[in-house]
file query.txt (compact mmCIF, C-alpha atoms)
# COMPACT_ATOMS: atom_id res chain seq x y z
CA MET A 156 1.13 0.04 -15.63
CA ASP A 157 0.55 -3.11 -13.59
CA GLU A 158 -2.72 -3.78 -11.78
CA HIS A 159 -1.35 -3.12 -8.29
CA THR A 160 -0.01 0.29 -9.30
CA LYS A 161 -3.28 1.15 -11.02
CA PHE A 162 -5.37 0.47 -7.94
CA MET A 163 -2.88 1.98 -5.49
CA LYS A 164 -3.11 5.19 -7.52
CA GLU A 165 -6.86 5.05 -6.91
CA ALA A 166 -6.25 4.61 -3.17
CA LEU A 167 -3.88 7.60 -3.24
CA LYS A 168 -6.59 9.74 -4.86
CA VAL A 169 -8.88 8.80 -1.99
CA ALA A 170 -6.12 9.62 0.53
CA GLU A 171 -5.79 13.04 -1.10
CA ARG A 172 -9.50 13.66 -0.46
CA ALA A 173 -8.90 12.81 3.21
CA ARG A 174 -6.10 15.38 3.37
CA GLU A 175 -8.39 18.00 1.83
CA HIS A 176 -10.77 17.37 4.74
CA ASN A 177 -7.96 17.65 7.33
CA GLU A 178 -8.13 13.93 8.01
CA VAL A 179 -5.06 11.69 8.16
CA PRO A 180 -4.52 10.89 4.46
CA ILE A 181 -5.05 7.16 4.26
CA GLY A 182 -7.12 5.85 1.39
CA ALA A 183 -8.54 2.42 0.66
CA VAL A 184 -10.29 0.84 -2.30
CA VAL A 185 -11.85 -2.57 -2.69
CA VAL A 186 -11.53 -4.20 -6.10
CA ARG A 187 -13.65 -6.99 -7.53
CA ASP A 188 -13.39 -8.35 -11.06
CA GLY A 189 -10.93 -5.63 -12.00
CA LYS A 190 -13.22 -2.77 -10.90
CA VAL A 191 -13.23 -0.55 -7.82
CA ILE A 192 -16.45 -1.30 -5.91
CA ALA A 193 -15.76 0.74 -2.77
CA ARG A 194 -13.64 3.73 -1.75
CA ALA A 195 -13.07 5.23 1.68
CA TYR A 196 -10.71 7.35 3.72
CA ASN A 197 -10.16 7.76 7.42
CA LEU A 198 -12.89 9.56 9.34
CA LYS A 199 -11.43 8.90 12.77
CA HIS A 200 -10.78 12.53 13.67
CA THR A 201 -13.72 13.99 11.76
CA LYS A 202 -16.26 11.75 13.51
CA GLY A 203 -14.34 11.19 16.75
CA ASN A 204 -14.52 7.42 16.37
CA ALA A 205 -11.44 5.18 16.56
CA LEU A 206 -13.16 2.50 14.44
CA LEU A 207 -13.49 4.64 11.32
CA HIS A 208 -10.30 3.64 9.54
CA ALA A 209 -10.22 3.73 5.75
CA GLU A 210 -10.06 -0.06 5.51
CA MET A 211 -13.03 -0.63 7.82
CA LEU A 212 -15.18 1.84 5.90
CA ALA A 213 -14.16 0.45 2.50
CA LEU A 214 -14.88 -3.13 3.60
CA GLU A 215 -18.29 -2.08 4.91
CA LYS A 216 -19.16 -0.36 1.63
CA ALA A 217 -17.94 -3.35 -0.36
CA ALA A 218 -20.05 -5.75 1.69
CA LYS A 219 -23.13 -3.64 1.03
CA LYS A 220 -22.34 -3.53 -2.68
CA VAL A 221 -21.74 -7.30 -2.89
CA GLY A 222 -24.65 -8.13 -0.59
CA ASP A 223 -22.56 -10.33 1.68
CA TRP A 224 -19.97 -9.80 4.40
CA ARG A 225 -17.79 -12.44 2.76
CA LEU A 226 -15.52 -10.75 0.23
CA TYR A 227 -13.75 -13.86 -1.09
CA ASP A 228 -13.20 -12.47 -4.57
CA CYS A 229 -12.21 -8.97 -3.47
CA ASP A 230 -8.85 -7.30 -2.99
CA LEU A 231 -8.19 -4.41 -0.61
CA TYR A 232 -5.72 -1.70 -1.63
CA VAL A 233 -4.70 0.70 1.12
CA THR A 234 -2.03 3.37 1.26
CA LEU A 235 -0.76 2.37 4.74
CA GLU A 236 -0.15 -1.07 6.19
CA PRO A 237 -3.24 -2.15 8.15
CA CYS A 238 -3.27 -1.94 11.95
CA PRO A 239 -4.37 -4.94 14.09
CA MET A 240 -8.06 -3.99 13.87
CA CYS A 241 -8.00 -3.59 10.09
CA ALA A 242 -5.85 -6.68 9.49
CA GLY A 243 -8.35 -8.62 11.60
CA ALA A 244 -11.24 -7.17 9.61
CA CYS A 245 -9.58 -8.33 6.39
CA ILE A 246 -9.33 -11.84 7.80
CA ASN A 247 -12.92 -11.77 9.05
CA ALA A 248 -14.25 -10.35 5.77
CA ARG A 249 -12.42 -13.12 3.90
CA VAL A 250 -10.76 -10.74 1.43
CA ARG A 251 -8.61 -12.48 -1.14
CA SER A 252 -5.66 -10.12 -0.76
CA VAL A 253 -4.40 -7.03 1.04
CA VAL A 254 -2.14 -4.75 -0.97
CA PHE A 255 -0.62 -1.81 0.87
CA GLY A 256 1.76 1.01 0.14
CA ALA A 257 3.73 2.36 3.09
CA TYR A 258 4.87 0.18 5.97
CA ASP A 259 3.68 1.26 9.42
CA GLU A 260 6.43 0.91 12.02
CA LYS A 261 4.06 1.87 14.86
CA ALA A 262 0.99 -0.25 14.19
CA GLY A 263 1.50 -2.37 11.06
CA CYS A 264 0.11 -5.87 11.38
CA CYS A 265 0.65 -7.22 7.89
CA GLY A 266 4.32 -7.91 8.37
CA THR A 267 5.92 -5.09 10.35
CA LEU A 268 4.98 -5.56 14.03
CA TYR A 269 2.87 -8.66 13.54
CA ASN A 270 1.70 -10.58 10.53
CA LEU A 271 -1.88 -11.48 11.34
CA PRO A 272 -2.95 -12.50 7.81
CA VAL A 273 -0.42 -15.33 7.60
CA ASP A 274 -1.08 -16.78 11.05
CA THR A 275 -2.15 -20.37 10.38
CA ARG A 276 -4.38 -20.39 13.45
CA PHE A 277 -6.93 -18.23 11.62
CA ASN A 278 -9.49 -19.86 9.35
CA HIS A 279 -8.73 -17.47 6.48
CA ARG A 280 -5.41 -16.09 5.28
CA PRO A 281 -5.45 -13.34 2.65
CA THR A 282 -2.41 -12.87 0.47
CA VAL A 283 -0.41 -9.78 1.48
CA ILE A 284 1.66 -7.59 -0.81
CA GLY A 285 3.41 -4.61 0.75
CA GLY A 286 5.41 -1.69 -0.55
CA VAL A 287 3.36 -0.90 -3.68
CA MET A 288 4.09 2.75 -4.48
CA GLU A 289 5.66 2.90 -1.04
CA LYS A 290 7.42 6.25 -1.52
CA GLU A 291 4.29 8.03 -2.74
CA CYS A 292 2.14 6.53 0.01
CA ALA A 293 4.65 7.47 2.71
CA GLN A 294 5.16 10.97 1.28
CA ILE A 295 1.52 12.01 1.54
CA LEU A 296 1.59 11.11 5.24
CA THR A 297 4.95 12.81 5.84
CA ASP A 298 3.73 16.00 4.16
CA PHE A 299 0.48 15.97 6.13
CA PHE A 300 2.15 15.62 9.53
CA LYS A 301 4.87 18.13 8.61
CA GLY A 302 2.10 20.60 7.76
CA LEU A 303 0.45 19.99 11.13
CA ARG A 304 3.72 20.58 12.97
CA ASN A 305 4.30 23.81 11.03
CA LYS A 306 0.83 25.08 12.00
CA THR A 307 1.52 24.55 15.71
CA ASN A 308 4.92 26.29 15.66

call {"tool": "encode", "arguments": {"input": "query.txt", "output": "C-alpha cells"}}
result
Amino acid sequence: MDEHTKFMKEALKVAERAREHNEVPIGAVVVRDGKVIARAYNLKHTKGNALLHAEMLALEKAAKKVGDWRLYDCDLYVTLEPCPMCAGACINARVRSVVFGAYDEKAGCCGTLYNLPVDTRFNHRPTVIGGVMEKECAQILTDFFKGLRNKTN
C-alpha cells in the first residue's frame, strides 16, 4: 500500500466517526515524518459554527502539537477537496502538501472551482494531489446524504 492510500484510510476512519455523530462525514489527518500527528472531523453542525471544518480543526491540533503555526514539514490528508476557507488555511499554515479524496463540485478550491494553492500570487504554494481513494471518499458522503433524505421522506 502506498503512503497516500495509507493516510487516506486514516482520514476515512475519522470521517466514519463523524458519521457516527451525525456530522457530515469528512475526515482529516495531518502527517509529519510519516506519522499522524492530528486527526479531526467536521463539527460544523454539532457546534453550529461554520468555521469548524475537519481541515481547520486538524491544522489547529497539528500546530499545537508542533508548537508553531507553520507546518512546513506536514501533509494534510482530507476525504473531500478543501473549500476556499480550508485551502486558504493550508496556504497560511504553510503545509507541504494537500492530499484529498473526493472532488467537490460545489466548493472545491484545490482544482475544481478554483485552484488557490497553485496561485503564484500567494507566498506559499503547497503541492496538491487529488482523487486518492476517490470512490471510497465520495461513497461515504453519498451514503450519508442518502440516509438523511430517507429519514425525511

call {"tool": "residues_around", "arguments": {"input": "query.txt", "residues": "Ile192 (chain A)", "least_positions_apart": "2", "cutoff": "10 Å", "atoms": "only C-alpha atoms", "output": "JSON, numbers by chain"}}
result
{"A": [184, 185, 186, 187, 188, 189, 190, 194, 213, 214, 216, 217, 218, 219, 220, 221, 229]}

call {"tool": "closest_residue", "arguments": {"input": "query.txt", "among": "A:His279, A:Asp223, A:Asp274, A:Glu158", "to": "Ala244 (chain A)", "atoms": "all atoms listed in the file"}}
result
A:His279

call {"tool": "residues_around", "arguments": {"input": "query.txt", "residues": "Ile246 (chain A)", "least_positions_apart": "4", "cutoff": "7 Å", "atoms": "all atoms listed in the file", "output": "NGL selection string"}}
result
:A and (242 or 250 or 272 or 279-281)

call {"tool": "closest_residue", "arguments": {"input": "query.txt", "among": "A:Ala170, A:Ala293, A:Met163, A:Met211", "to": "Cys238 (chain A)", "atoms": "all atoms listed in the file"}}
result
A:Met211

call {"tool": "residues_near_point", "arguments": {"input": "query.txt", "point": "(-2.7, 0.7, 8.0)", "cutoff": "10 Å", "atoms": "all atoms listed in the file", "output": "list in words"}}
result
Ile181, Gly182, Ala183, His208, Ala209, Glu210, Val233, Thr234, Leu235, Glu236, Pro237, Cys238, Pro239, Met240, Cys241, Ala242, Phe255, Gly256, Ala257, Tyr258, Asp259, Glu260, Lys261, Ala262, Gly263, Cys264 and Cys265 of chain A

call {"tool": "atom_distance", "arguments": {"input": "query.txt", "atom1": "CA of Ala195 (chain A)", "atom2": "CA of Asp228 (chain A)"}}
result
18.8 Å

call {"tool": "atom_distance", "arguments": {"input": "query.txt", "atom1": "CA of Ala173 (chain A)", "atom2": "CA of Asp298 (chain A)"}}
result
13.1 Å

call {"tool": "atom_distance", "arguments": {"input": "query.txt", "atom1": "CA of Tyr269 (chain A)", "atom2": "CA of Arg251 (chain A)"}}
result
19.0 Å

call {"tool": "closest_residue", "arguments": {"input": "query.txt", "among": "A:Leu207, A:Val287, A:Val253, A:Ala248", "to": "Tyr227 (chain A)", "atoms": "only C-alpha atoms"}}
result
A:Ala248

call {"tool": "closest_residue", "arguments": {"input": "query.txt", "among": "A:Lys164, A:Asn177, A:Leu226, A:Glu215", "to": "Lys202 (chain A)", "atoms": "all atoms listed in the file"}}
result
A:Asn177
